[in-house]
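A.B. asks: One structure follows; several queries about it will come next.
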Amino acid sequence: MITSLDQLDINKTYSYADYLKWQFEERVELIKGKIFKMSPAPARRHQRISGVFQGELYKFLDNKSCQVYSAPFDVRLTPLKGDQKNKIYTVVQPDICVVCDQSKLDDKGCVGAPDWIIEILSPGNSQTEMKNKFEVYQENGVKEYWIADPTSEVIFSYVLNEVGKYVGLQPFVLEDNATSHVFPDFKLSVADIFKD
């Protein structure tokens with residue numbers, strides 16, 4: 001039984017089956033089989049921003065088939081192609097995700113790509129982690145991906161095109177209303193998101 005992160009070889013590739021056996025308190029994500037440590041507890045501002053997204057999406061999705069979830073919530077992603085389709089090497093905990101296909105949900109979280117993921121940058125996010133998440137979200141077919149940057153108070157929005165590649169849209173800044181490609185009726189004031 002693995003009870004400490006120190007018992008693991010950070011350079012090794014792990015699967016979801018390994019992840020389920022770990023009994024330590026540190027929060028981690030698996031991205032392409034590699035371990036990424038998560039911040040022990042996000043900062044107050046990060047949590048407030050997450051709460052705004054969660055609350056507004058909960059109200060917007062009320063009485064719709066889609067559901068919103070916030071971290072910690074395991075999203076297990078599988079490669080779209082190749083022989084490894086049944087092997088899971090990526091388990092992430094997006095800050096916010098929206099899932100419309102109820103068959104992807106189980107008691108442990110979500111298996112497969114949510115329709116929309118929102119990540120809120122923290123000082124602990126590494127460039128490698130951000131690059132890898134962008135890649136796995138794109139490879140697995142997450143239709144819309146937002147990155148909210150509290151430092152610059154900007155939201156970067158990416159939408160999957162017809163060939164499965166992300167296209168970056170014009171960033172949303174403080175004077176804008178952020179609008180979703182997946183949910184065109186959803187609007188949220190960027191100033192309200194980043195307000196302290």
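Chain labels run A, B, ... following the order of the structure tokens; each chain numbers its residues from 1, and ligands are numbered from 1 in the order shown.
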With only C-alpha atoms as the counted atoms, please give the residues lying no more than 8 Å from A:Glu29, apart from itself and same-chain residues fewer than 6 positions off, as a list in words.
C.D. replies: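 Counting only the stated atoms, we get Ile35, Phe36, Lys37, Met38, Thr90, Val91, Val92 and Gln93 of chain A.
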A.B. asks: Residues within 6 Å of A:Trp146, please, as a tab-separated table (two decimals) with N, CA and C atoms, in the first residue's frame. Count only C-alpha atoms; anything in the same chain fewer than 6 positions from it doesn't count.
C.D. replies:
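Produced file out37.tsv, reproduced below:
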chain	number	residue	atom	x	y	z
A	118	ILE	N	-12.83	24.59	-17.26
A	118	ILE	CA	-12.27	25.89	-16.87
A	118	ILE	C	-11.18	25.63	-15.83
A	156	PHE	N	-8.62	33.21	-21.20
A	156	PHE	CA	-8.25	32.71	-22.52
A	156	PHE	C	-9.20	31.57	-22.87
A	157	SER	N	-9.75	31.62	-24.06
A	157	SER	CA	-10.76	30.66	-24.48
A	157	SER	C	-10.29	29.91	-25.72
A.B. asks: Could you pull out the residues in stretch 74-133 of chain A that DSSP calls helix (DSSP H, G or I) from the backbone, as a CSV table (one decimal) with all heavy atoms, in the first residue's frame?
C.D. replies:
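In the end it all went to result.csv:
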chain,number,residue,atom,x,y,z
A,102,GLN,N,-24.5,12.1,-19.7
A,102,GLN,CA,-24.6,11.5,-18.4
A,102,GLN,C,-24.0,10.1,-18.3
A,102,GLN,O,-23.7,9.6,-17.3
A,102,GLN,CB,-26.1,11.4,-18.0
A,102,GLN,CG,-26.8,12.7,-17.9
A,102,GLN,CD,-26.2,13.7,-17.0
A,102,GLN,OE1,-26.0,13.4,-15.8
A,102,GLN,NE2,-25.7,14.8,-17.4
A,103,SER,N,-23.8,9.4,-19.5
A,103,SER,CA,-23.2,8.1,-19.5
A,103,SER,C,-21.8,8.1,-19.1
A,103,SER,O,-21.2,7.1,-18.8
A,103,SER,CB,-23.4,7.4,-20.8
A,103,SER,OG,-22.6,8.0,-21.8
A,104,LYS,N,-21.2,9.3,-19.1
A,104,LYS,CA,-19.7,9.5,-18.8
A,104,LYS,C,-19.6,9.6,-17.2
A,104,LYS,O,-18.4,9.5,-16.8
A,104,LYS,CB,-19.1,10.7,-19.4
A,104,LYS,CG,-19.0,10.6,-20.9
A,104,LYS,CD,-18.4,11.9,-21.5
A,104,LYS,CE,-18.2,11.8,-23.0
A,104,LYS,NZ,-17.6,13.0,-23.6
A,127,GLN,N,4.5,25.4,-16.1
A,127,GLN,CA,4.3,25.6,-17.5
A,127,GLN,C,4.1,24.2,-18.2
A,127,GLN,O,3.3,24.0,-19.1
A,127,GLN,CB,5.4,26.3,-18.2
A,127,GLN,CG,5.5,27.8,-17.8
A,127,GLN,CD,6.6,28.5,-18.5
A,127,GLN,OE1,7.2,28.0,-19.4
A,127,GLN,NE2,6.8,29.8,-18.1
A,128,THR,N,4.8,23.2,-17.7
A,128,THR,CA,4.7,21.8,-18.2
A,128,THR,C,3.3,21.3,-17.9
A,128,THR,O,2.7,20.7,-18.8
A,128,THR,CB,5.8,20.9,-17.5
A,128,THR,OG1,7.0,21.5,-17.7
A,128,THR,CG2,5.7,19.5,-18.1
A,129,GLU,N,2.8,21.5,-16.7
A,129,GLU,CA,1.4,21.1,-16.4
A,129,GLU,C,0.4,21.7,-17.3
A,129,GLU,O,-0.5,21.0,-17.9
A,129,GLU,CB,1.1,21.4,-15.0
A,129,GLU,CG,-0.3,21.1,-14.5
A,129,GLU,CD,-0.7,21.7,-13.2
A,129,GLU,OE1,0.1,22.5,-12.7
A,129,GLU,OE2,-1.7,21.4,-12.7
A,130,MET,N,0.5,23.0,-17.5
A,130,MET,CA,-0.4,23.7,-18.4
A,130,MET,C,-0.3,23.3,-19.8
A,130,MET,O,-1.4,23.1,-20.5
A,130,MET,CB,-0.2,25.3,-18.3
A,130,MET,CG,-0.4,25.8,-16.9
A,130,MET,SD,-2.0,25.4,-16.2
A,130,MET,CE,-3.2,26.1,-17.4
A,131,LYS,N,0.9,23.1,-20.3
A,131,LYS,CA,1.1,22.6,-21.7
A,131,LYS,C,0.5,21.2,-21.8
A,131,LYS,O,-0.3,20.9,-22.8
A,131,LYS,CB,2.5,22.5,-22.1
A,131,LYS,CG,2.9,22.0,-23.4
A,131,LYS,CD,4.4,22.0,-23.7
A,131,LYS,CE,4.8,21.6,-25.1
A,131,LYS,NZ,4.4,20.3,-25.4
A,132,ASN,N,0.7,20.3,-20.9
A,132,ASN,CA,0.2,18.9,-20.9
A,132,ASN,C,-1.3,18.9,-20.8
A,132,ASN,O,-1.9,18.1,-21.5
A,132,ASN,CB,0.9,18.1,-19.8
A,132,ASN,CG,2.3,17.7,-20.2
A,132,ASN,OD1,2.8,17.8,-21.3
A,132,ASN,ND2,3.1,17.4,-19.1
A,133,LYS,N,-1.9,19.7,-20.0
A,133,LYS,CA,-3.3,19.7,-19.9
A,133,LYS,C,-3.9,20.2,-21.2
A,133,LYS,O,-4.9,19.6,-21.6
A,133,LYS,CB,-3.8,20.6,-18.7
A,133,LYS,CG,-3.7,19.9,-17.4
A,133,LYS,CD,-4.3,20.8,-16.3
A,133,LYS,CE,-4.3,20.0,-15.0
A,133,LYS,NZ,-5.0,20.8,-13.9
A.B. asks: Which residues of stretch 43-134 of chain A come within 8 Å of stretch 177-188 of chain A, and for each one, what is the closest pair of atoms and their distance in Å to one decimal, counting only C-alpha atoms, sorted by chain and residue number, as CSV?
C.D. replies:
residue,atom,partner,partner_atom,distance
A:Glu56,CA,A:Leu188,CA,7.8
A:Phe60,CA,A:Phe186,CA,7.0
A:Asp115,CA,A:Val182,CA,7.6
A:Trp116,CA,A:Val182,CA,7.5
A.B. asks: Which of these residues is nearest to A:Asn140, using only C-alpha atoms: A:Lys59, A:Arg45, A:Lys32, A:Lys108?
C.D. replies: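 Closest to A:Asn140 of all the choices is A:Lys32.
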A.B. asks: Which residue gives the smallest distance to A:Val167 among A:Tyr69, A:Phe194, A:Phe134, A:Tyr58, with only C-alpha atoms counted?
C.D. replies: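 When distances to A:Val167 are compared using only C-alpha atoms, the smallest one comes from A:Phe134.
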A.B. asks: Atom CA of A:Cys66 to atom CA of A:Val99: how many Å, to one decimal?
C.D. replies: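 Between these atoms lies a distance of 5.5 Å.
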A.B. asks: Could you tell me how far atom CA of A:Asp74 lies from atom CA of A:Cys110, in Å and to one decimal?
C.D. replies: 6.4 Å
A.B. asks: Could you pull the residues within 9 Å of A:Asp95, counting only C-alpha atoms, minus those fewer than 5 positions along the same chain, as JSON, numbers by chain?
C.D. replies: {"A": [50, 69, 70, 71, 72, 73, 117, 118, 119, 120]}
A.B. asks: Go ahead and write the selection's residues with all heavy atoms as a CSV table (one decimal), in the first residue's frame.
C.D. replies:
chain,number,residue,atom,x,y,z
A,50,SER,N,-13.5,30.4,-8.5
A,50,SER,CA,-14.1,29.1,-8.8
A,50,SER,C,-15.6,29.1,-8.3
A,50,SER,O,-16.4,28.6,-9.1
A,50,SER,CB,-13.3,28.0,-8.0
A,50,SER,OG,-13.9,26.7,-8.2
A,69,TYR,N,-19.4,20.5,-12.3
A,69,TYR,CA,-18.7,20.0,-11.1
A,69,TYR,C,-17.4,20.8,-10.9
A,69,TYR,O,-16.9,21.4,-11.8
A,69,TYR,CB,-18.3,18.5,-11.4
A,69,TYR,CG,-19.4,17.6,-11.6
A,69,TYR,CD1,-20.0,17.4,-12.9
A,69,TYR,CD2,-20.0,17.0,-10.5
A,69,TYR,CE1,-21.1,16.5,-13.0
A,69,TYR,CE2,-21.2,16.2,-10.7
A,69,TYR,CZ,-21.7,16.0,-11.9
A,69,TYR,OH,-22.8,15.2,-12.1
A,70,SER,N,-17.0,20.9,-9.6
A,70,SER,CA,-15.8,21.6,-9.3
A,70,SER,C,-14.8,20.7,-8.5
A,70,SER,O,-15.3,19.6,-8.0
A,70,SER,CB,-16.1,22.8,-8.4
A,70,SER,OG,-16.7,22.4,-7.2
A,71,ALA,N,-13.6,21.0,-8.6
A,71,ALA,CA,-12.5,20.2,-7.9
A,71,ALA,C,-12.7,20.2,-6.4
A,71,ALA,O,-13.2,21.1,-5.9
A,71,ALA,CB,-11.1,20.8,-8.2
A,72,PRO,N,-12.4,19.0,-5.8
A,72,PRO,CA,-11.8,17.8,-6.4
A,72,PRO,C,-12.9,16.9,-7.0
A,72,PRO,O,-13.8,16.6,-6.4
A,72,PRO,CB,-11.1,17.1,-5.2
A,72,PRO,CG,-11.9,17.6,-4.0
A,72,PRO,CD,-12.4,19.0,-4.3
A,73,PHE,N,-12.7,16.6,-8.3
A,73,PHE,CA,-13.6,15.8,-9.1
A,73,PHE,C,-12.7,15.1,-10.1
A,73,PHE,O,-12.2,15.8,-11.0
A,73,PHE,CB,-14.7,16.6,-9.7
A,73,PHE,CG,-15.7,15.9,-10.5
A,73,PHE,CD1,-16.7,15.1,-9.9
A,73,PHE,CD2,-15.6,15.9,-11.9
A,73,PHE,CE1,-17.6,14.4,-10.7
A,73,PHE,CE2,-16.5,15.3,-12.7
A,73,PHE,CZ,-17.5,14.5,-12.1
A,117,ILE,N,-14.2,22.7,-19.9
A,117,ILE,CA,-13.3,22.7,-18.7
A,117,ILE,C,-12.8,24.2,-18.5
A,117,ILE,O,-12.4,24.9,-19.5
A,117,ILE,CB,-12.1,21.8,-18.9
A,117,ILE,CG1,-12.6,20.3,-18.7
A,117,ILE,CG2,-11.0,22.1,-17.9
A,117,ILE,CD1,-11.5,19.3,-18.9
A,118,ILE,N,-12.8,24.6,-17.3
A,118,ILE,CA,-12.3,25.9,-16.9
A,118,ILE,C,-11.2,25.6,-15.8
A,118,ILE,O,-11.4,25.0,-14.8
A,118,ILE,CB,-13.3,26.8,-16.3
A,118,ILE,CG1,-14.5,27.1,-17.3
A,118,ILE,CG2,-12.7,28.2,-15.8
A,118,ILE,CD1,-15.7,27.8,-16.7
A,119,GLU,N,-10.0,26.1,-16.1
A,119,GLU,CA,-8.9,26.0,-15.2
A,119,GLU,C,-8.5,27.4,-14.7
A,119,GLU,O,-8.5,28.4,-15.5
A,119,GLU,CB,-7.6,25.4,-15.8
A,119,GLU,CG,-7.8,23.9,-16.2
A,119,GLU,CD,-7.7,22.9,-15.0
A,119,GLU,OE1,-7.7,23.4,-13.9
A,119,GLU,OE2,-7.6,21.7,-15.3
A,120,ILE,N,-8.3,27.6,-13.4
A,120,ILE,CA,-7.9,28.9,-12.8
A,120,ILE,C,-6.4,28.8,-12.5
A,120,ILE,O,-6.1,27.9,-11.7
A,120,ILE,CB,-8.8,29.2,-11.6
A,120,ILE,CG1,-10.3,29.2,-12.0
A,120,ILE,CG2,-8.4,30.5,-11.0
A,120,ILE,CD1,-11.2,29.0,-10.8
A.B. asks: So, with only C-alpha atoms as the atoms that count, which of A:Lys87, A:Ile193, A:Arg48, A:Glu153 lies closest to A:Asp18?
C.D. replies: A:Lys87
A.B. asks: Mind checking which residues fall within 12 Å of A:Glu139, counting only C-alpha atoms, ignoring those fewer than 3 positions away in the same chain, and posting them as a PyMOL selection string?
C.D. replies: chain A and resi 32+77-81+90+112-113+132-136+142-143+160-161+163-166
A.B. asks: From the options A:Asp6, A:Met1, A:Ile155, A:Tyr89, which residue's atoms come nearest to A:Lys21, counting only C-alpha atoms?
C.D. replies: A:Met1
A.B. asks: Quick one: pull the distance between atom CA of A:Pro94 and atom CA of A:Leu174, Å, one decimal.
C.D. replies: 23.1 Å
A.B. asks: Taking the backbone alone, and naming residues the way the document does, which bits of chain A are strand (DSSP E or B) by DSSP, as a count of residues only?
C.D. replies: 58
A.B. asks: Go through A:Val111, A:Leu20, A:Cys97, A:Ala43 one by one, measure the shortest atom-to-atom distance of each to A:Glu144 using only C-alpha atoms, and give the residue with the smallest value.
C.D. replies: A:Cys97
